[in-house]
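Raw contents of structure-v6.cif, mmCIF, C-alpha atoms:
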data_target
#
loop_
_atom_site.label_atom_id
_atom_site.label_comp_id
_atom_site.auth_asym_id
_atom_site.auth_seq_id
_atom_site.Cartn_x
_atom_site.Cartn_y
_atom_site.Cartn_z
CA MET A 1 19.76 0.47 -47.39
CA GLU A 2 17.74 -2.72 -47.66
CA VAL A 3 17.17 -4.97 -44.65
CA ILE A 4 18.82 -8.36 -44.94
CA ASP A 5 16.03 -10.88 -44.53
CA LEU A 6 16.92 -13.89 -42.44
CA ALA A 7 16.37 -17.26 -44.06
CA TRP A 8 14.80 -19.92 -41.81
CA TRP A 9 17.85 -22.17 -42.15
CA LYS A 10 20.01 -19.38 -40.75
CA LEU A 11 17.77 -19.24 -37.66
CA ALA A 12 18.27 -22.99 -37.41
CA LEU A 13 21.99 -22.29 -37.02
CA ALA A 14 21.26 -20.10 -34.00
CA ALA A 15 18.97 -22.81 -32.66
CA LEU A 16 21.86 -25.29 -33.00
CA LEU A 17 23.84 -23.15 -30.56
CA ILE A 18 20.99 -23.51 -28.07
CA VAL A 19 21.11 -27.27 -28.56
CA ALA A 20 24.85 -27.17 -27.91
CA LEU A 21 24.22 -25.25 -24.69
CA ALA A 22 21.52 -27.74 -23.70
CA ILE A 23 23.82 -30.71 -24.27
CA THR A 24 26.63 -29.08 -22.31
CA SER A 25 24.38 -28.28 -19.36
CA HIS A 26 22.89 -31.75 -19.48
CA LEU A 27 26.35 -33.31 -19.33
CA GLY A 28 27.28 -30.96 -16.53
CA ARG A 29 24.09 -31.88 -14.65
CA LEU A 30 23.17 -28.22 -14.28
CA GLY A 31 19.47 -28.97 -14.30
CA ILE A 32 18.35 -26.20 -16.63
CA THR A 33 18.19 -28.26 -19.84
CA ARG A 34 14.46 -28.85 -19.77
CA SER A 35 13.38 -25.29 -19.04
CA LEU A 36 15.89 -23.99 -21.57
CA LEU A 37 14.43 -26.13 -24.35
CA VAL A 38 10.83 -25.43 -23.39
CA ALA A 39 11.49 -21.68 -23.30
CA THR A 40 13.22 -21.86 -26.69
CA VAL A 41 10.31 -23.66 -28.29
CA ARG A 42 7.86 -21.23 -26.67
CA THR A 43 9.65 -18.15 -27.87
CA VAL A 44 9.80 -19.46 -31.45
CA ILE A 45 6.13 -20.45 -31.55
CA GLN A 46 4.83 -17.32 -29.80
CA LEU A 47 6.83 -14.94 -31.97
CA VAL A 48 5.92 -16.72 -35.21
CA LEU A 49 2.24 -16.51 -34.25
CA VAL A 50 2.55 -12.83 -33.34
CA GLY A 51 4.31 -12.24 -36.66
CA MET A 52 1.38 -13.82 -38.49
CA VAL A 53 -1.14 -11.76 -36.53
CA LEU A 54 0.80 -8.56 -37.24
CA GLU A 55 1.14 -9.39 -40.96
CA ALA A 56 -2.62 -9.87 -41.18
CA LEU A 57 -3.25 -6.75 -39.14
CA PHE A 58 -0.94 -4.59 -41.23
CA ALA A 59 -2.57 -5.88 -44.41
CA SER A 60 -6.13 -5.12 -43.25
CA SER A 61 -5.50 -1.96 -41.19
CA GLY A 62 -9.10 -2.19 -39.96
CA PHE A 63 -9.71 -0.01 -36.92
CA LEU A 64 -11.85 -2.62 -35.17
CA TRP A 65 -9.20 -5.30 -35.57
CA ILE A 66 -6.61 -3.03 -34.00
CA VAL A 67 -8.96 -2.29 -31.10
CA LEU A 68 -9.49 -6.00 -30.63
CA VAL A 69 -5.75 -6.76 -30.53
CA ALA A 70 -5.21 -3.84 -28.12
CA LEU A 71 -7.94 -5.19 -25.83
CA VAL A 72 -6.43 -8.67 -25.78
CA MET A 73 -3.04 -7.17 -24.93
CA LEU A 74 -4.63 -5.14 -22.11
CA LEU A 75 -6.45 -8.12 -20.59
CA VAL A 76 -3.35 -10.32 -20.67
CA ALA A 77 -1.36 -7.54 -19.00
CA GLY A 78 -4.11 -7.16 -16.39
CA ARG A 79 -3.93 -10.84 -15.56
CA GLU A 80 -0.17 -10.59 -15.25
CA VAL A 81 -0.42 -7.62 -12.86
CA MET A 82 -2.76 -9.65 -10.67
CA ALA A 83 -0.50 -12.70 -10.69
CA ARG A 84 2.54 -10.67 -9.68
CA GLN A 85 1.07 -9.40 -6.40
CA GLY A 86 1.95 -11.39 -3.28
CA ARG A 87 -1.08 -10.07 -1.40
CA ARG A 88 -3.90 -8.75 -3.46
CA LEU A 89 -7.43 -7.46 -3.14
CA LYS A 90 -10.19 -10.04 -3.09
CA GLY A 91 -12.47 -10.76 -5.99
CA TRP A 92 -12.32 -8.73 -9.17
CA TRP A 93 -10.73 -5.74 -7.48
CA ALA A 94 -7.12 -6.84 -8.03
CA PHE A 95 -7.72 -7.40 -11.74
CA GLY A 96 -10.00 -4.40 -12.11
CA ILE A 97 -7.75 -1.83 -10.46
CA GLY A 98 -4.60 -3.01 -12.29
CA THR A 99 -6.32 -3.20 -15.67
CA GLY A 100 -8.17 0.07 -15.17
CA ALA A 101 -4.99 1.90 -14.21
CA MET A 102 -3.13 0.51 -17.24
CA PHE A 103 -6.03 1.29 -19.55
CA VAL A 104 -6.29 4.92 -18.47
CA SER A 105 -2.58 5.64 -18.57
CA SER A 106 -1.26 3.47 -21.45
CA PHE A 107 -4.10 4.12 -23.86
CA THR A 108 -4.23 7.85 -23.20
CA VAL A 109 -0.50 8.31 -23.60
CA THR A 110 -0.32 6.06 -26.68
CA VAL A 111 -3.18 7.84 -28.44
CA LEU A 112 -1.70 11.19 -27.50
CA SER A 113 1.74 10.38 -28.89
CA LEU A 114 0.21 8.87 -32.05
CA THR A 115 -2.02 11.82 -32.85
CA VAL A 116 0.06 14.73 -31.60
CA VAL A 117 3.69 13.65 -31.76
CA ILE A 118 4.19 11.02 -34.49
CA GLY A 119 1.14 11.71 -36.63
CA PRO A 120 0.91 8.70 -39.01
CA GLU A 121 -1.90 8.54 -41.57
CA PRO A 122 -4.38 7.27 -40.33
CA TRP A 123 -3.42 7.93 -36.70
CA TYR A 124 -4.10 4.30 -35.73
CA ALA A 125 -1.80 2.86 -38.42
CA PRO A 126 -0.88 -0.54 -36.91
CA GLN A 127 2.84 -0.26 -37.77
CA TYR A 128 3.03 2.54 -35.20
CA ALA A 129 0.12 1.87 -32.88
CA ILE A 130 0.71 -1.77 -31.97
CA PRO A 131 4.45 -1.66 -31.17
CA LEU A 132 4.04 1.59 -29.26
CA LEU A 133 1.12 0.24 -27.23
CA GLY A 134 3.03 -2.98 -26.62
CA MET A 135 5.99 -1.14 -25.17
CA MET A 136 3.72 1.10 -23.11
CA LEU A 137 1.74 -1.81 -21.70
CA GLY A 138 4.83 -3.89 -20.99
CA ASN A 139 6.40 -1.16 -18.90
CA THR A 140 3.22 0.14 -17.30
CA MET A 141 2.47 -3.43 -16.29
CA THR A 142 5.77 -3.64 -14.42
CA GLY A 143 5.20 -0.28 -12.72
CA VAL A 144 1.62 -0.98 -11.73
CA SER A 145 2.31 -4.46 -10.41
CA LEU A 146 5.39 -3.37 -8.44
CA SER A 147 3.57 -0.47 -6.84
CA LEU A 148 0.44 -2.48 -5.97
CA ASP A 149 2.55 -5.30 -4.58
CA ARG A 150 4.49 -2.86 -2.42
CA LEU A 151 1.31 -1.09 -1.30
CA ASN A 152 -0.46 -4.25 -0.19
CA ALA A 153 2.63 -5.78 1.45
CA ALA A 154 3.46 -2.59 3.35
CA VAL A 155 -0.11 -2.08 4.54
CA TRP A 156 -0.16 -5.66 5.76
CA GLN A 157 3.15 -5.30 7.62
CA GLN A 158 2.37 -1.89 9.08
CA ARG A 159 -1.27 -2.45 9.96
CA ALA A 160 -0.69 -1.64 13.64
CA VAL A 161 0.96 1.67 12.71
CA ILE A 162 -1.85 2.61 10.34
CA GLU A 163 -4.49 1.84 12.95
CA ASN A 164 -2.63 3.74 15.64
CA ARG A 165 -2.48 6.75 13.33
CA LEU A 166 -6.22 6.44 12.72
CA MET A 167 -6.80 6.26 16.50
CA LEU A 168 -5.12 9.66 16.82
CA GLY A 169 -7.65 11.15 14.45
CA GLN A 170 -5.66 11.12 11.22
CA THR A 171 -7.55 10.71 7.94
CA TRP A 172 -6.93 7.55 5.96
CA ARG A 173 -4.84 9.56 3.51
CA GLU A 174 -2.55 10.84 6.26
CA ALA A 175 -2.27 7.39 7.81
CA LEU A 176 -1.29 5.93 4.45
CA GLU A 177 1.00 8.77 3.33
CA ASP A 178 4.40 7.11 3.87
CA ILE A 179 3.30 3.82 2.36
CA ARG A 180 1.84 5.51 -0.68
CA ARG A 181 5.11 7.33 -1.27
CA GLU A 182 7.04 4.07 -0.92
CA ALA A 183 4.71 2.26 -3.33
CA MET A 184 5.03 5.01 -5.93
CA ARG A 185 8.80 4.94 -5.65
CA SER A 186 9.06 1.22 -6.24
CA GLY A 187 6.73 1.46 -9.25
CA MET A 188 8.67 4.32 -10.84
CA MET A 189 12.22 3.17 -10.06
CA PRO A 190 12.67 0.86 -13.10
CA SER A 191 11.69 3.61 -15.57
CA ILE A 192 13.83 6.22 -13.87
CA ASN A 193 16.81 3.86 -13.78
CA ALA A 194 16.29 2.94 -17.43
CA MET A 195 16.31 6.61 -18.43
CA ALA A 196 19.44 7.27 -16.40
CA ALA A 197 21.34 4.32 -17.89
CA ALA A 198 20.08 4.63 -21.47
CA GLY A 199 22.81 4.77 -24.07
CA ILE A 200 25.65 4.44 -21.58
CA VAL A 201 25.06 1.16 -19.80
CA SER A 202 22.58 -0.28 -22.27
CA LEU A 203 21.60 0.31 -25.86
CA PRO A 204 17.80 0.21 -25.75
CA GLY A 205 16.31 -2.71 -27.68
CA MET A 206 13.98 -0.68 -29.84
CA MET A 207 16.72 1.65 -31.05
CA THR A 208 19.03 -1.26 -31.76
CA GLY A 209 16.29 -2.96 -33.75
CA GLN A 210 15.58 0.15 -35.75
CA ILE A 211 19.25 0.63 -36.60
CA LEU A 212 19.53 -3.02 -37.63
CA ALA A 213 16.49 -2.48 -39.83
CA GLY A 214 18.26 0.32 -41.65
CA SER A 215 17.15 3.52 -39.96
CA PRO A 216 19.75 6.25 -39.59
CA PRO A 217 20.88 6.31 -35.92
CA ALA A 218 19.74 9.94 -35.57
CA VAL A 219 16.14 8.95 -36.38
CA ALA A 220 16.31 5.85 -34.18
CA VAL A 221 17.58 7.96 -31.30
CA LYS A 222 14.71 10.40 -31.62
CA TYR A 223 12.19 7.55 -31.53
CA GLN A 224 13.94 6.03 -28.56
CA ILE A 225 13.81 9.32 -26.65
CA LEU A 226 10.11 9.62 -27.43
CA VAL A 227 9.46 6.06 -26.32
CA MET A 228 11.36 6.43 -23.04
CA LEU A 229 9.60 9.65 -22.19
CA VAL A 230 6.12 8.33 -22.89
CA ILE A 231 6.90 5.06 -21.13
CA THR A 232 7.90 6.95 -18.01
CA VAL A 233 4.81 9.13 -18.20
CA GLY A 234 2.57 6.10 -18.72
CA THR A 235 4.19 4.14 -15.93
CA GLY A 236 4.04 7.09 -13.57
CA PHE A 237 0.37 7.83 -14.14
CA GLY A 238 -0.44 4.11 -14.12
CA ALA A 239 1.26 3.63 -10.74
CA LEU A 240 -0.36 6.81 -9.42
CA ILE A 241 -3.84 5.65 -10.37
CA ALA A 242 -3.28 2.11 -9.12
CA VAL A 243 -1.93 3.25 -5.75
CA SER A 244 -4.72 5.74 -5.26
CA TRP A 245 -7.51 3.31 -6.20
CA GLY A 246 -5.87 0.41 -4.36
CA GLY A 247 -5.27 2.53 -1.26
CA ARG A 248 -8.86 3.72 -1.22
CA ARG A 249 -10.13 0.16 -1.43
CA LEU A 250 -8.13 -0.84 1.67
CA PHE A 251 -10.29 1.51 3.75
CA ASP A 252 -14.07 1.58 3.99
CA GLU A 253 -16.43 4.55 4.07
CA ARG A 254 -15.74 4.97 7.82
CA GLU A 255 -11.98 5.17 7.13
CA ARG A 256 -11.37 1.83 8.80
CA LEU A 257 -8.46 -0.29 7.65
CA ARG A 258 -10.02 -3.36 6.01
CA LEU A 259 -7.36 -6.05 5.77
CA ASP A 260 -10.14 -8.61 5.28
CA ARG A 261 -10.27 -7.29 1.71
CA LEU A 262 -6.82 -8.73 1.01
CA VAL A 263 -5.96 -12.33 0.30
CA GLY A 264 -2.51 -13.83 0.78
CA GLN A 265 -0.39 -15.79 -1.62
CA GLY A 266 -1.70 -19.08 -2.92
CA HIS A 267 -5.38 -18.14 -2.74
CA MET B 268 -21.13 7.61 30.61
CA SER B 269 -20.57 11.10 31.93
CA ALA B 270 -17.68 13.54 31.72
CA GLY B 271 -14.87 13.29 34.23
CA GLN B 272 -15.77 9.71 35.08
CA VAL B 273 -13.85 6.48 34.65
CA VAL B 274 -15.65 3.36 33.59
CA CYS B 275 -13.49 0.27 33.98
CA LEU B 276 -13.92 -2.76 31.81
CA SER B 277 -12.54 -6.18 32.70
CA GLY B 278 -12.95 -9.75 31.55
CA PRO B 279 -10.96 -12.80 30.53
CA SER B 280 -8.51 -12.34 27.68
CA GLY B 281 -10.14 -12.87 24.31
CA SER B 282 -13.52 -11.77 25.65
CA GLY B 283 -13.61 -8.73 23.37
CA LYS B 284 -12.55 -5.82 25.57
CA SER B 285 -10.24 -4.38 22.95
CA ARG B 286 -12.80 -4.98 20.22
CA LEU B 287 -15.34 -3.02 22.20
CA LEU B 288 -12.90 -0.10 22.44
CA ARG B 289 -12.16 -0.39 18.72
CA ALA B 290 -15.86 -0.29 17.93
CA VAL B 291 -16.31 2.82 20.06
CA ALA B 292 -13.40 4.40 18.13
CA ASP B 293 -15.13 3.23 14.93
CA LEU B 294 -12.15 1.15 13.86
CA GLU B 295 -14.20 -1.98 13.48
CA PRO B 296 -17.58 -2.54 11.81
CA HIS B 297 -20.25 -2.92 14.47
CA GLY B 298 -24.02 -2.99 14.86
CA GLY B 299 -24.38 -0.70 17.86
CA THR B 300 -25.25 2.97 18.15
CA ILE B 301 -22.86 5.31 19.89
CA SER B 302 -23.26 9.03 20.34
CA LEU B 303 -21.27 11.83 21.93
CA ASP B 304 -23.17 14.84 23.27
CA GLY B 305 -26.10 13.86 21.07
CA THR B 306 -23.99 13.51 17.89
CA ASP B 307 -24.24 10.06 16.40
CA GLN B 308 -20.95 8.33 15.57
CA GLN B 309 -22.01 7.68 11.99
CA ALA B 310 -23.18 11.26 11.45
CA ILE B 311 -19.72 12.84 11.29
CA PRO B 312 -16.61 11.82 9.29
CA ALA B 313 -14.72 9.03 11.02
CA HIS B 314 -11.50 10.98 11.54
CA GLN B 315 -13.41 13.80 13.25
CA TRP B 316 -15.00 11.27 15.57
CA ARG B 317 -11.60 9.77 16.40
CA ARG B 318 -10.20 13.24 17.02
CA GLN B 319 -12.64 13.49 19.95
CA VAL B 320 -12.75 9.82 20.92
CA VAL B 321 -9.08 8.90 21.13
CA MET B 322 -7.95 5.35 21.74
CA VAL B 323 -4.59 4.39 23.24
CA PRO B 324 -3.83 0.79 22.26
CA ALA B 325 -2.04 -1.63 24.57
CA ASP B 326 0.91 -1.71 22.19
CA SER B 327 1.58 1.82 20.95
CA GLN B 328 3.16 2.39 17.55
CA TRP B 329 5.80 4.93 16.52
CA TRP B 330 6.41 5.52 12.84
CA PHE B 331 8.82 8.47 12.58
CA ASP B 332 12.48 8.19 13.61
CA GLU B 333 12.31 11.01 16.10
CA VAL B 334 9.98 10.99 19.11
CA GLY B 335 9.05 14.67 18.78
CA LEU B 336 7.68 14.30 15.26
CA HIS B 337 4.74 12.37 16.71
CA PHE B 338 3.72 15.39 18.79
CA PRO B 339 2.61 18.94 18.10
CA PRO B 340 5.57 21.38 18.29
CA ASP B 341 5.20 22.59 21.90
CA ALA B 342 4.24 19.27 23.49
CA GLY B 343 7.79 18.79 24.84
CA ARG B 344 7.74 21.84 27.12
CA GLN B 345 4.43 20.89 28.72
CA LEU B 346 5.51 17.31 29.35
CA PRO B 347 4.26 16.45 32.88
CA ASP B 348 7.00 15.68 35.44
CA VAL B 349 5.24 12.59 36.69
CA LEU B 350 6.02 10.77 33.43
CA GLY B 351 9.71 11.08 34.28
CA PHE B 352 11.06 12.59 31.06
CA HIS B 353 13.25 15.57 30.25
CA PRO B 354 11.92 17.74 27.43
CA GLU B 355 14.95 16.47 25.46
CA VAL B 356 13.14 13.18 24.99
CA MET B 357 11.46 14.83 22.00
CA GLY B 358 14.81 14.75 20.20
CA TRP B 359 15.46 11.08 20.96
CA SER B 360 15.23 8.38 18.37
CA VAL B 361 12.26 6.08 18.91
CA GLY B 362 14.50 3.02 19.09
CA ARG B 363 15.94 4.31 22.37
CA LEU B 364 12.61 4.11 24.18
CA SER B 365 11.78 1.17 26.43
CA SER B 366 8.30 -0.34 26.20
CA GLY B 367 7.32 1.42 29.43
CA GLU B 368 8.55 4.75 28.10
CA ARG B 369 6.62 4.25 24.90
CA GLN B 370 3.49 3.56 26.84
CA ARG B 371 3.81 6.69 28.95
CA LEU B 372 4.54 8.83 25.91
CA ALA B 373 1.59 7.29 24.06
CA LEU B 374 -0.71 8.44 26.88
CA TRP B 375 0.70 11.95 26.61
CA ARG B 376 0.38 11.85 22.82
CA ALA B 377 -3.34 11.12 23.21
CA LEU B 378 -3.88 13.75 25.91
CA VAL B 379 -2.32 16.62 23.96
CA LEU B 380 -5.05 16.09 21.35
CA GLN B 381 -7.50 17.27 24.05
CA PRO B 382 -9.99 14.46 23.52
CA GLU B 383 -13.44 14.36 25.02
CA VAL B 384 -13.34 10.61 25.41
CA LEU B 385 -10.30 8.45 26.17
CA LEU B 386 -10.28 4.74 25.40
CA LEU B 387 -7.46 3.19 27.39
CA ASP B 388 -6.45 -0.40 26.68
CA GLU B 389 -4.47 -1.54 29.72
CA PRO B 390 -2.63 1.78 30.00
CA THR B 391 -0.21 0.59 32.68
CA ALA B 392 0.54 -2.92 31.42
CA ASN B 393 4.26 -2.30 30.82
CA LEU B 394 4.95 -0.22 33.94
CA ASP B 395 6.41 -1.31 37.29
CA GLY B 396 4.42 -1.05 40.52
CA GLN B 397 5.56 2.39 41.59
CA MET B 398 5.25 3.92 38.13
CA THR B 399 1.83 2.30 37.69
CA LYS B 400 0.48 4.12 40.73
CA ALA B 401 2.01 7.44 39.70
CA VAL B 402 0.70 7.26 36.11
CA GLU B 403 -2.67 6.10 37.35
CA ALA B 404 -3.01 9.05 39.72
CA TRP B 405 -1.87 11.47 37.02
CA LEU B 406 -4.32 10.05 34.48
CA LEU B 407 -7.16 10.23 36.96
CA ASP B 408 -6.30 13.83 37.76
CA GLU B 409 -6.20 14.79 34.07
CA ILE B 410 -9.50 13.01 33.44
CA ARG B 411 -11.22 14.92 36.25
CA ARG B 412 -9.60 18.26 35.46
CA ARG B 413 -10.32 18.16 31.72
CA SER B 414 -13.73 16.49 32.20
CA ILE B 415 -12.76 13.60 29.97
CA CYS B 416 -14.97 10.58 29.79
CA ALA B 417 -12.74 7.51 30.11
CA LEU B 418 -13.29 3.88 29.24
CA TRP B 419 -10.45 1.99 30.88
CA VAL B 420 -9.62 -1.68 30.31
CA ALA B 421 -7.89 -3.11 33.38
CA HIS B 422 -6.99 -6.49 34.86
CA ASP B 423 -5.72 -5.62 38.30
CA PRO B 424 -8.59 -5.50 40.88
CA GLY B 425 -6.51 -3.06 42.94
CA GLN B 426 -6.29 -0.63 40.04
CA ILE B 427 -9.97 -0.96 39.29
CA ARG B 428 -10.77 -0.15 42.92
CA ARG B 429 -8.52 2.90 42.81
CA VAL B 430 -9.73 4.46 39.55
CA ALA B 431 -13.20 3.19 38.65
CA ASP B 432 -16.40 5.15 39.14
CA GLN B 433 -18.20 2.25 37.54
CA HIS B 434 -16.97 -1.22 36.68
CA TYR B 435 -18.31 -3.63 34.10
CA ARG B 436 -17.13 -7.15 33.52
CA ILE B 437 -17.55 -9.00 30.24
CA ASN B 438 -19.06 -12.37 31.03
CA GLY B 439 -19.55 -14.46 27.89
CA THR B 440 -21.83 -12.37 25.71
CA PHE B 441 -23.10 -10.20 28.59
CA LEU B 442 -21.82 -7.02 30.15
CA GLU B 443 -22.20 -7.35 33.93
CA ARG B 444 -22.21 -4.35 36.19
CA THR B 445 -20.08 -4.90 39.24
CA ASP B 446 -20.35 -2.94 42.46
CA GLY B 447 -18.20 0.20 42.33
CA SER B 448 -16.26 -0.84 45.43
CA ASP B 449 -15.19 -4.18 43.99
#
As structure tokens, the full file:
Amino acid sequence: MEVIDLAWWKLALAALLIVALAITSHLGRLGITRSLLVATVRTVIQLVLVGMVLEALFASSGFLWIVLVALVMLLVAGREVMARQGRRLKGWWAFGIGTGAMFVSSFTVTVLSLTVVIGPEPWYAPQYAIPLLGMMLGNTMTGVSLSLDRLNAAVWQQRAVIENRLMLGQTWREALEDIRREAMRSGMMPSINAMAAAGIVSLPGMMTGQILAGSPPAVAVKYQILVMLVITVGTGFGALIAVSWGGRRLFDERERLRLDRLVGQGH
Amino acid sequence: MSAGQVVCLSGPSGSGKSRLLRAVADLEPHGGTISLDGTDQQAIPAHQWRRQVVMVPADSQWWFDEVGLHFPPDAGRQLPDVLGFHPEVMGWSVGRLSSGERQRLALWRALVLQPEVLLLDEPTANLDGQMTKAVEAWLLDEIRRRSICALWVAHDPGQIRRVADQHYRINGTFLERTDGSD
């Protein structure tokens, strides 16, 4: 089965529907017209650019180019993780811990599934590597930022409890135990929920796309299962690393709680 | 400071009494040197130090739902009568405790750890007159009997007279020794 290519003028038809929505909301004074149009333009431009980058990348298949694109993706995700934390560590720590955690978990799991499970030739073939890494990073990013946000917020709120536990001779790990568990749970919840609802409540986007592109559903399903499993593994290890590094940084070498290492929102 | 003795510390609010206690417990970075029986504070892991030098803050915290979970298993049976609790209190939910009850239980929670040094930050602040005297006498008795070395932040001159072996007042940036009888 051949994929039906979409002509640009057909996309323009879909864009017309957006314009219709914009006009309706403008007439109804709903106040979303501007952001709707800006977001539409952004999505078109960003995706067209990404399409061009991917076309070039697929044509060259140079290892260094793929590494470069992967690095850019990682750094952008790291910035996003930092921006999503209400309270975060001062200086480069917020960026460093989030990016480091994502690097270790996403890259390891992606390389592992490319070499061991999928096995394209060469193993870094961009058609497989880039989309897989993109999905890994996107989800790990959510997990890491949710868990770090929860960690920092909970430590801030429960500082008196943590210090009282320290006063009774507990180690910093014991004093932080409940909060660490809470932070892990909030980082992992989206992946666990997605696995539980997959196929019943929602048809995952990747599988849908693959079916639209002509894959037999049985193949698409196998890829989707693989992706959901590795996403959960990546998110889990990412959150684990982030919470353990982030938690350590909140205490100094004398196991004192150091809230002066956190900055609040708007700093 | 020597074992079995109470050193009282007073001074205007904001003068740094609690910070001094926190520094002794190694909860706050500080530039001083503190040692216990010849062991320097910085020479052993911080949690081991705090196991021996236990601080009871003015506002005690309770993080589990049940009171007893904050104590070792047999702490309920040894609960001293003077605190005014039945052993069943260990099964209570923390939300049921009044601030005075929390304060009394926090003192017991510190004592069951068998510390060598107790850092008490206004240990009777939430108690009424009669209970203050009873808890004070009990604490003093435990301190003498177990040879604990106690650093006790207090406001009330009457209390200081009753419990202090030595009394220091924070005056600006100086620590002023006051006569034991005053």
### Task
For chain B, work out the contacting residues on chain A at 12 Å, counting all atoms listed in the file, and write them as a count of residues only.
32
### Task
Measuring atom to atom with only C-alpha atoms, identify which of B:Leu287, B:Leu406, B:Thr445, B:Arg363 is nearest to Pro424 of chain B.
B:Thr445
Determine, counting all atoms listed in the file, every residue of protein, DNA or RNA that lies within 10 Å of (5.4, -0.6, -17.5) in the file coordinates, then give the result as an mmCIF file with C-alpha atoms, keeping the file's coordinate frame.
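File written: part.cif
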data_model
loop_
_atom_site.group_PDB
_atom_site.id
_atom_site.type_symbol
_atom_site.label_atom_id
_atom_site.label_comp_id
_atom_site.auth_asym_id
_atom_site.auth_seq_id
_atom_site.Cartn_x
_atom_site.Cartn_y
_atom_site.Cartn_z
ATOM 1 C CA ALA A 77 -1.360 -7.540 -19.000
ATOM 2 C CA MET A 102 -3.130 0.510 -17.240
ATOM 3 C CA SER A 106 -1.260 3.470 -21.450
ATOM 4 C CA GLY A 134 3.030 -2.980 -26.620
ATOM 5 C CA MET A 135 5.990 -1.140 -25.170
ATOM 6 C CA MET A 136 3.720 1.100 -23.110
ATOM 7 C CA LEU A 137 1.740 -1.810 -21.700
ATOM 8 C CA GLY A 138 4.830 -3.890 -20.990
ATOM 9 C CA ASN A 139 6.400 -1.160 -18.900
ATOM 10 C CA THR A 140 3.220 0.140 -17.300
ATOM 11 C CA MET A 141 2.470 -3.430 -16.290
ATOM 12 C CA THR A 142 5.770 -3.640 -14.420
ATOM 13 C CA GLY A 143 5.200 -0.280 -12.720
ATOM 14 C CA VAL A 144 1.620 -0.980 -11.730
ATOM 15 C CA SER A 145 2.310 -4.460 -10.410
ATOM 16 C CA LEU A 146 5.390 -3.370 -8.440
ATOM 17 C CA GLY A 187 6.730 1.460 -9.250
ATOM 18 C CA MET A 188 8.670 4.320 -10.840
ATOM 19 C CA PRO A 190 12.670 0.860 -13.100
ATOM 20 C CA SER A 191 11.690 3.610 -15.570
ATOM 21 C CA ILE A 231 6.900 5.060 -21.130
ATOM 22 C CA THR A 232 7.900 6.950 -18.010
ATOM 23 C CA VAL A 233 4.810 9.130 -18.200
ATOM 24 C CA GLY A 234 2.570 6.100 -18.720
ATOM 25 C CA THR A 235 4.190 4.140 -15.930
ATOM 26 C CA GLY A 236 4.040 7.090 -13.570
ATOM 27 C CA GLY A 238 -0.440 4.110 -14.120
ATOM 28 C CA ALA A 239 1.260 3.630 -10.740
#
Got a sec to resolve the PyMOL selection byres ((chain A and resi 203-216) around 12) on this structure and send the residues as a PDB file with C-alpha atoms, in the frame of the given file?
ATOM      1  CA  MET A   1      19.760   0.470 -47.390  1.00  0.00           C
ATOM      2  CA  GLU A   2      17.740  -2.720 -47.660  1.00  0.00           C
ATOM      3  CA  VAL A   3      17.170  -4.970 -44.650  1.00  0.00           C
ATOM      4  CA  ILE A   4      18.820  -8.360 -44.940  1.00  0.00           C
ATOM      5  CA  ASP A   5      16.030 -10.880 -44.530  1.00  0.00           C
ATOM      6  CA  LEU A   6      16.920 -13.890 -42.440  1.00  0.00           C
ATOM      7  CA  PRO A 131       4.450  -1.660 -31.170  1.00  0.00           C
ATOM      8  CA  LEU A 132       4.040   1.590 -29.260  1.00  0.00           C
ATOM      9  CA  GLY A 134       3.030  -2.980 -26.620  1.00  0.00           C
ATOM     10  CA  MET A 135       5.990  -1.140 -25.170  1.00  0.00           C
ATOM     11  CA  ALA A 194      16.290   2.940 -17.430  1.00  0.00           C
ATOM     12  CA  MET A 195      16.310   6.610 -18.430  1.00  0.00           C
ATOM     13  CA  ALA A 196      19.440   7.270 -16.400  1.00  0.00           C
ATOM     14  CA  ALA A 197      21.340   4.320 -17.890  1.00  0.00           C
ATOM     15  CA  ALA A 198      20.080   4.630 -21.470  1.00  0.00           C
ATOM     16  CA  GLY A 199      22.810   4.770 -24.070  1.00  0.00           C
ATOM     17  CA  ILE A 200      25.650   4.440 -21.580  1.00  0.00           C
ATOM     18  CA  VAL A 201      25.060   1.160 -19.800  1.00  0.00           C
ATOM     19  CA  SER A 202      22.580  -0.280 -22.270  1.00  0.00           C
ATOM     20  CA  PRO A 217      20.880   6.310 -35.920  1.00  0.00           C
ATOM     21  CA  ALA A 218      19.740   9.940 -35.570  1.00  0.00           C
ATOM     22  CA  VAL A 219      16.140   8.950 -36.380  1.00  0.00           C
ATOM     23  CA  ALA A 220      16.310   5.850 -34.180  1.00  0.00           C
ATOM     24  CA  VAL A 221      17.580   7.960 -31.300  1.00  0.00           C
ATOM     25  CA  LYS A 222      14.710  10.400 -31.620  1.00  0.00           C
ATOM     26  CA  TYR A 223      12.190   7.550 -31.530  1.00  0.00           C
ATOM     27  CA  GLN A 224      13.940   6.030 -28.560  1.00  0.00           C
ATOM     28  CA  ILE A 225      13.810   9.320 -26.650  1.00  0.00           C
ATOM     29  CA  LEU A 226      10.110   9.620 -27.430  1.00  0.00           C
ATOM     30  CA  VAL A 227       9.460   6.060 -26.320  1.00  0.00           C
ATOM     31  CA  MET A 228      11.360   6.430 -23.040  1.00  0.00           C
TER      32      MET A 228
END
Report as lines of an AutoDock Vina configuration file the centre and the edge lengths, in Å to one decimal, of the axis-aligned box holding every listed atom of segment 110-120 of chain A, padded by 8 Å on each side.
center_x = 0.5
center_y = 10.4
center_z = -32.8
size_x = 23.4
size_y = 24.7
size_z = 28.3
### Message
What would the selection look like, as a VMD selection string, if the PyMOL selection byres ((chain A and resi 54) around 12) were run on the coordinates I just shared?
### Response
chain A and resid 47 to 53 55 to 61 65 to 66 69 to 70 125 to 131
